[in-house]
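One structure is given below, encoded as structure tokens.
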Amino acid sequence: TILGLEEYEWKKNLVKLVFAAIFINFSNLIAQLFIDVAHVFTMTFLNAISATAGGNLINMFKLDQITQMVGVTPDVNTEFNIEIFGGVLVAALFAILAAFAMGAYVYVMMARVVALWALIILSPLAYILGVLPKTQSYAERWWSEFSNYVIVAPIMVFFMWLSFATLGTGNILASIESEIPDGNKLKGDTSLQLQGSNFV
């Protein structure tokens, strides 16, 4: 104000400063409110997953049927068979990939919790730094990081629910075929005959 800089004129910044002083006292509450709203959506999809996810990873990847693809039924009395061994390796590979995907989910969720803790502690700065033009970029960065960490949970859980809902039964091909009229059933494993607009 003393130097006569227009962007720092007190008449322009006083209102921002007053609102910042008010919101600083409720910064923790405001941050937790946004987090709680995101958790409502997250828990909605988690409840849907827990209601239908029993054995879905096994069904989704057909881990219990991979050894049957080789045409030999495993038996404790059966001698070593390279085909059964290959089927077991494929099943183990799918199990490792599934564990890796779930581990990635756990890692992101744990990192999210730690990041939100830090952002909530620094939440007063998001309001006070937004007053001056030179520091507004830091306030915008805080809001950007905060919004990203808040919405990542419902988005990830939604896509997990979507994958379980579409593939969790392990019988999606039969589900699709059941919606097709009798004259348009799947022929074999590779061909589908369509009859104009009768395909649903």
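Residues in the structure tokens are numbered from 1 in each chain, the chains being A, B, ... in the order shown, and ligands are numbered from 1 in the order shown.
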Residues near Thr42 (chain A), anyone? I mean within 7 Å using only C-alpha atoms, not counting same-chain ones fewer than 3 positions away, as number ranges by chain. A: 38-39, 45-46, 153-154, 157
Tell me, as number ranges by chain, which residues lie within 10 Å of region 127-134 of chain A, counting only C-alpha atoms; anything in the same chain fewer than 5 positions away does not count. A: 7-8, 12-24, 27, 122, 139-140, 142-143
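With only C-alpha atoms as the atoms that count, the minimum distance from Ser144 (chain A) to the choices A:Val40, A:Ala126, A:Val88, A:Ala165 is reached by A:Ala126.
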May I ask for the distance between CA of Tyr149 (chain A) and CA of Tyr105 (chain A), given in Å to one decimal place? 13.4 Å
Using only C-alpha atoms, which of the listed residues (A:Phe94, A:Phe146, A:Phe34, A:Phe100) sits closest to Ala115 (chain A)? A:Phe146
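Distances from A:Phe158, A:Ile35, A:Phe85, A:Ser50 to Val113 (chain A) were compared using only C-alpha atoms, and the smallest one belongs to A:Ile35.
Reported to one decimal place, the separation of CA of Ser123 (chain A) from CA of Ala104 (chain A) is 27.6 Å.
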